[in-house]
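See structure below.
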Amino acid sequence: MKRLRLLCRTVPLMVFAALTAVALPARADAREGDIDGVPYRVEVPAHWNGTLLLWSHGAYSLESPAPSDIELTNHPATKQWLLDHGYALAASQLRVPRGWGVVESGLKDQTALLDWFTANVGKPRRTISAGASAGGLTAVLLAERNPRRFAGVASLCGVLGGTTGHFNSALDADFAIKTLLAPNLDLVHIKDPQANTTNARRALGAALDSPQGRARLALAAALADIPGRYASRAPAPDTVAGQVEQQTYYAAYDRGAFWGLARTDIEQRAGGNPSWNTGVDYRTLLARSSQKQLVKRAYSEAGLSLRDDLARLDAAPRVKADPTAVRYLDRYGTPTGRTPWPVVTLHTTGDGNVPPENQRRYAAQVRRAGDPANLRQLYVDRGYHCSFTASEEITTLRTLLTRIGTGHWPTTQPTALNSAATELGPDYQTVFDTDPEPGLHPTTPSFTHYHPGPYLRP
C-alpha cells in the first residue's frame with residue numbers, strides 16, 4: 001500500500017524455563033520461572049509494603065512473535081515507581097500470549113501465579129488486579145471471579161464493553177468495506193487469512209485516493225466508532241481527508257487484524273463464528289455513532305448519497321453467528337459489572353482500537369449488577385490505544401490506592417489529577433507515539449472531562 005504504513009507497538013516480553021533469582025539495581029528481587037510450562041516474572045522490593053500488583057498484558061499480534069520480556073506494567077517508568085515505593089509486581093506470560101486466547105489463558109494462568117506467589121513469597125496484605133487492553137478486561141474478570149482475593153482493580157484501555165461487542169463492531173466496519181468497496185473480501189470463515197488481509201489493506205489504500213472512497217471509509221469507521229485521530233499527541237486533523245486517513249490506519253492494522261489471523265484465531269477457539277449483523281439497522285447505528293458528523297462531511301465533499309449507501313448496506317446479505325461461539329465469548333469476555341471492591345478505569349478519548357464507548361457500556365453493567373460508588377472512570381485527551389504517560393498511570397493507581405486505604409475516593413477532577421501527575425517530574429512525562437517515529441516522546445499530563453457516547457454493539 002502506498003499511503004498506509006505499519007506502525008506497531010512492541011513491548012518486550014521474556015521467556016524462561018526454570019526458576020531463577022537475580023538481584024536488581026532497583027533494590028528488588030526478581031524471580032523468573034514457569035508454572036506448568038507457562039513463564040512468569042515476579043519482582044519484590046527489599047522493603048515490600050505488602051501490596052501486590054498482578055499485571056495482565058494485552059493481546060499481542062498474531063502477525064509477529066510475542067515480545068521476549070514479560071511486562072509488569074504498561075509504561076516502564078510506572079514499574080520503577082511502584083518498586084521504589086514498596087509494591088511487588090507479578091505477571092504471567094500466559095500460555096497463549098497472542099490473539100484473543102489471552103483472556104481465557106489469563107483467567108487460569110494469573111490465578112496460578114497468584115497461588116504461587118502466596119506459597120513462595122508470602123500472602124499479600126492486599127492484591128490489585130491490573131492490566132491494559134485485553135489485559136484490562138482480564139483484570140476485571142479475574143476480580144469478578146475471585147472477589148475475595150483482590151482489594152481493587154485498575155483497568156487501562158480495557159475492552160470492557162465485552163469481546164462479543166468488540167468483534168461485532170469490527171464485523172460492522174468490515175461489512176461496510178466489503179459491501180461498498182471490496183466485494184471479494186471474506187468477512188468470516190476466511191479461507192486465506194494472509195491474502196485476505198493483504199487484499200483488504202490494498203483496497204483501503206486505493207479508497208483513500210478519491211473523495212468517494214474516503215466517504216465510504218468514513219462510514220465504515222463510524223459503524224465501529226473509530227475516531228479520526230491516530231497519533232497520540234497531535235490533535236485530529238482539520239480536514240476530512242486527514243481524519244479518514246487516520247481512521248484507516250486503525251482499520252488497516254489495529255482493527256484490521258480482524259480481516260485475517262485474529263478472526264481465524266477466535267473462530268478456532270470459539271468453535272465457529274461468534275459475530276453477527278442479522279437484525280442490525282445501519283441507519284440507526286450511524287445515528288448513534290460518535291463519528292456521524294465526519295461521515296456527513298465526507299459524503300458532502302464526495303457528492304455521494306449517504307441514503308443510497310445505507311440502503312445498500314441494509315440490502316446486503318447478513319452474517320449469522322454460531323451460538324456455540326457466542327457462548328464462548330460471553331464466557332471469556334463479558335464483565336458482569338459486579339464491584340465488591342473499587343475499580344478505576346483509564347482511557348484515551350481518541351482510541352480507535354478499543355473506543356472509549358467501552359467505558360460507558362461497563363458503567364451501565366455496574367449500575368445493573370454492582371455499586372456505581374465503587375467505580376471511577378478517568379480519561380486522557382490523547383489519540384491512539386493505551387497511550388498513557390507513567391505519571392497518568394501512577395496518578396490513576398494512587399487514586400485507587402487512596403480509595404482502598406481510606407474508604408473514600410480522592411478528587412478526580414482533571415485539574416487536580418494533572419497537577420498530581422505533573423509533580424512526579426519529567427522522567428514520568430513520556431508517551432508512546434508513532435510520530436515522528438514509533439517510540440516514547442515527551443508530553444504533558446492530559447486528564448480531561450469526557451462523556452463517551454453509547455456503545456454501538458453490545
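Identifiers in this document derive from the order of the C-alpha cells: chains are assigned A, B, ..., residues are numbered from 1 separately in each chain, and ligands are numbered from 1 in order of occurrence.
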Those in region 37-221 of chain A with helix (DSSP H, G or I) from DSSP, as a PyMOL selection string: chain A and resi 76-84+101-120+134-145+147-149+163-180+193-207+211-221
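Nearest residue to Ile35 (chain A) among A:Tyr230, A:Phe117, A:Phe167, A:Tyr332 is A:Phe117, counting only C-alpha atoms.
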Residue contacts of Ala390 (chain A) (6 Å, only C-alpha atoms) excluding same-chain residues fewer than 6 positions away, as a list in words: His75, Ala77, Thr78 and Tyr428 of chain A
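Nearest residue to Ala302 (chain A), choosing from A:Asn418, A:Ser210, A:Gln80, A:Thr395 and counting only C-alpha atoms: A:Ser210.
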message: Which residues are close to Gln212 (chain A), i.e. within 9 Å by only C-alpha atoms, leaving aside same-chain residues fewer than 5 positions away? Reply as a ChimeraX atom specification.
response: /A:207,217,298-299,301-304
Export C-alpha atoms of the chosen residues as an mmCIF file, in the first residue's frame?
data_model
loop_
_atom_site.group_PDB
_atom_site.id
_atom_site.type_symbol
_atom_site.label_atom_id
_atom_site.label_comp_id
_atom_site.auth_asym_id
_atom_site.auth_seq_id
_atom_site.Cartn_x
_atom_site.Cartn_y
_atom_site.Cartn_z
ATOM 1 C CA ALA A 207 -10.068 4.065 -1.454
ATOM 2 C CA LEU A 217 -14.211 4.543 4.541
ATOM 3 C CA ALA A 298 -17.204 13.252 3.764
ATOM 4 C CA TYR A 299 -20.316 12.379 1.760
ATOM 5 C CA GLU A 301 -17.451 16.567 -0.225
ATOM 6 C CA ALA A 302 -17.734 13.446 -2.382
ATOM 7 C CA GLY A 303 -21.150 14.324 -3.810
ATOM 8 C CA LEU A 304 -22.443 10.882 -2.843
#
message: What's around region 353-360 of chain A at 7 Å? Count only C-alpha atoms, leave out sequence neighbours fewer than 4 positions away in its own chain, and write the answer as a ChimeraX atom specification.
response: /A:157,159-161,225-226,250,254-255,347-349,364,385,452-455
Selected residues written out, C-alpha atoms, as a PDB file, in the first residue's frame:
ATOM      1  CA  CYS A 157      -7.771   0.977  27.963  1.00  0.00           C
ATOM      2  CA  VAL A 159     -12.152  -3.969  26.339  1.00  0.00           C
ATOM      3  CA  LEU A 160     -14.835  -3.592  28.987  1.00  0.00           C
ATOM      4  CA  GLY A 161     -17.743  -3.429  26.572  1.00  0.00           C
ATOM      5  CA  ASP A 225     -16.830   4.298  16.440  1.00  0.00           C
ATOM      6  CA  ILE A 226     -13.262   4.643  15.120  1.00  0.00           C
ATOM      7  CA  TYR A 250      -6.800   1.644  12.582  1.00  0.00           C
ATOM      8  CA  ASP A 254      -5.056  -2.338  14.582  1.00  0.00           C
ATOM      9  CA  ARG A 255      -8.713  -3.248  13.984  1.00  0.00           C
ATOM     10  CA  HIS A 347      -8.931   5.516  28.681  1.00  0.00           C
ATOM     11  CA  THR A 348      -7.783   7.878  25.940  1.00  0.00           C
ATOM     12  CA  THR A 349     -10.517   9.880  24.237  1.00  0.00           C
ATOM     13  CA  ALA A 364     -24.074   0.532  32.607  1.00  0.00           C
ATOM     14  CA  HIS A 385      -4.551   2.958  22.151  1.00  0.00           C
ATOM     15  CA  PRO A 452     -18.409   8.837  25.713  1.00  0.00           C
ATOM     16  CA  GLY A 453     -21.354   8.073  23.507  1.00  0.00           C
ATOM     17  CA  PRO A 454     -23.397   4.866  23.580  1.00  0.00           C
ATOM     18  CA  TYR A 455     -21.676   1.558  22.958  1.00  0.00           C
TER      19      TYR A 455
END
- prompt: Which of these residues is nearest to Pro211 (chain A), using only C-alpha atoms: A:Gln293, A:Ser56, A:Thr239, A:Ser105?
  reply: A:Thr239
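Here the DSSP assignment of strand (DSSP E or B), based on backbone atoms, applies within region 183-377 of chain A to Val343, Val344, Thr345, Leu346, His347, Thr348, Thr349, Gly350, Leu375, Arg376 and Gln377 of chain A.
CA of Thr334 (chain A) to CA of Ala143 (chain A) spans 12.9 Å [interatomic distance, one decimal].
When the distance limit is 9 Å and only C-alpha atoms are what count, the residues near Ser391 (chain A), minus those fewer than 3 positions from it on the same chain, are Ala77, Thr78, Phe388, Ile394, Thr395, Thr396, Asn418, Ala420, Ala421, Thr422, Glu423, Leu424, Gly425, Asp427, Tyr428, Gln429, Thr430 and Pro445 of chain A.
Put simply, CA of Ala325 (chain A) is 11.6 Å away from CA of Thr163 (chain A).
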statement: re CA of Pro410 (chain A) and CA of Ala151 (chain A): distance 16.9 Å
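The closest residue to Ser446 (chain A), picked from A:Ser232, A:Thr406, A:Ser305, A:Gln365 and counting only C-alpha atoms, is A:Ser232.
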statement: Of A:Thr448, A:Thr339, A:Gly370, A:Leu223, the one sitting nearest Leu285 (chain A) when using only C-alpha atoms is A:Leu223
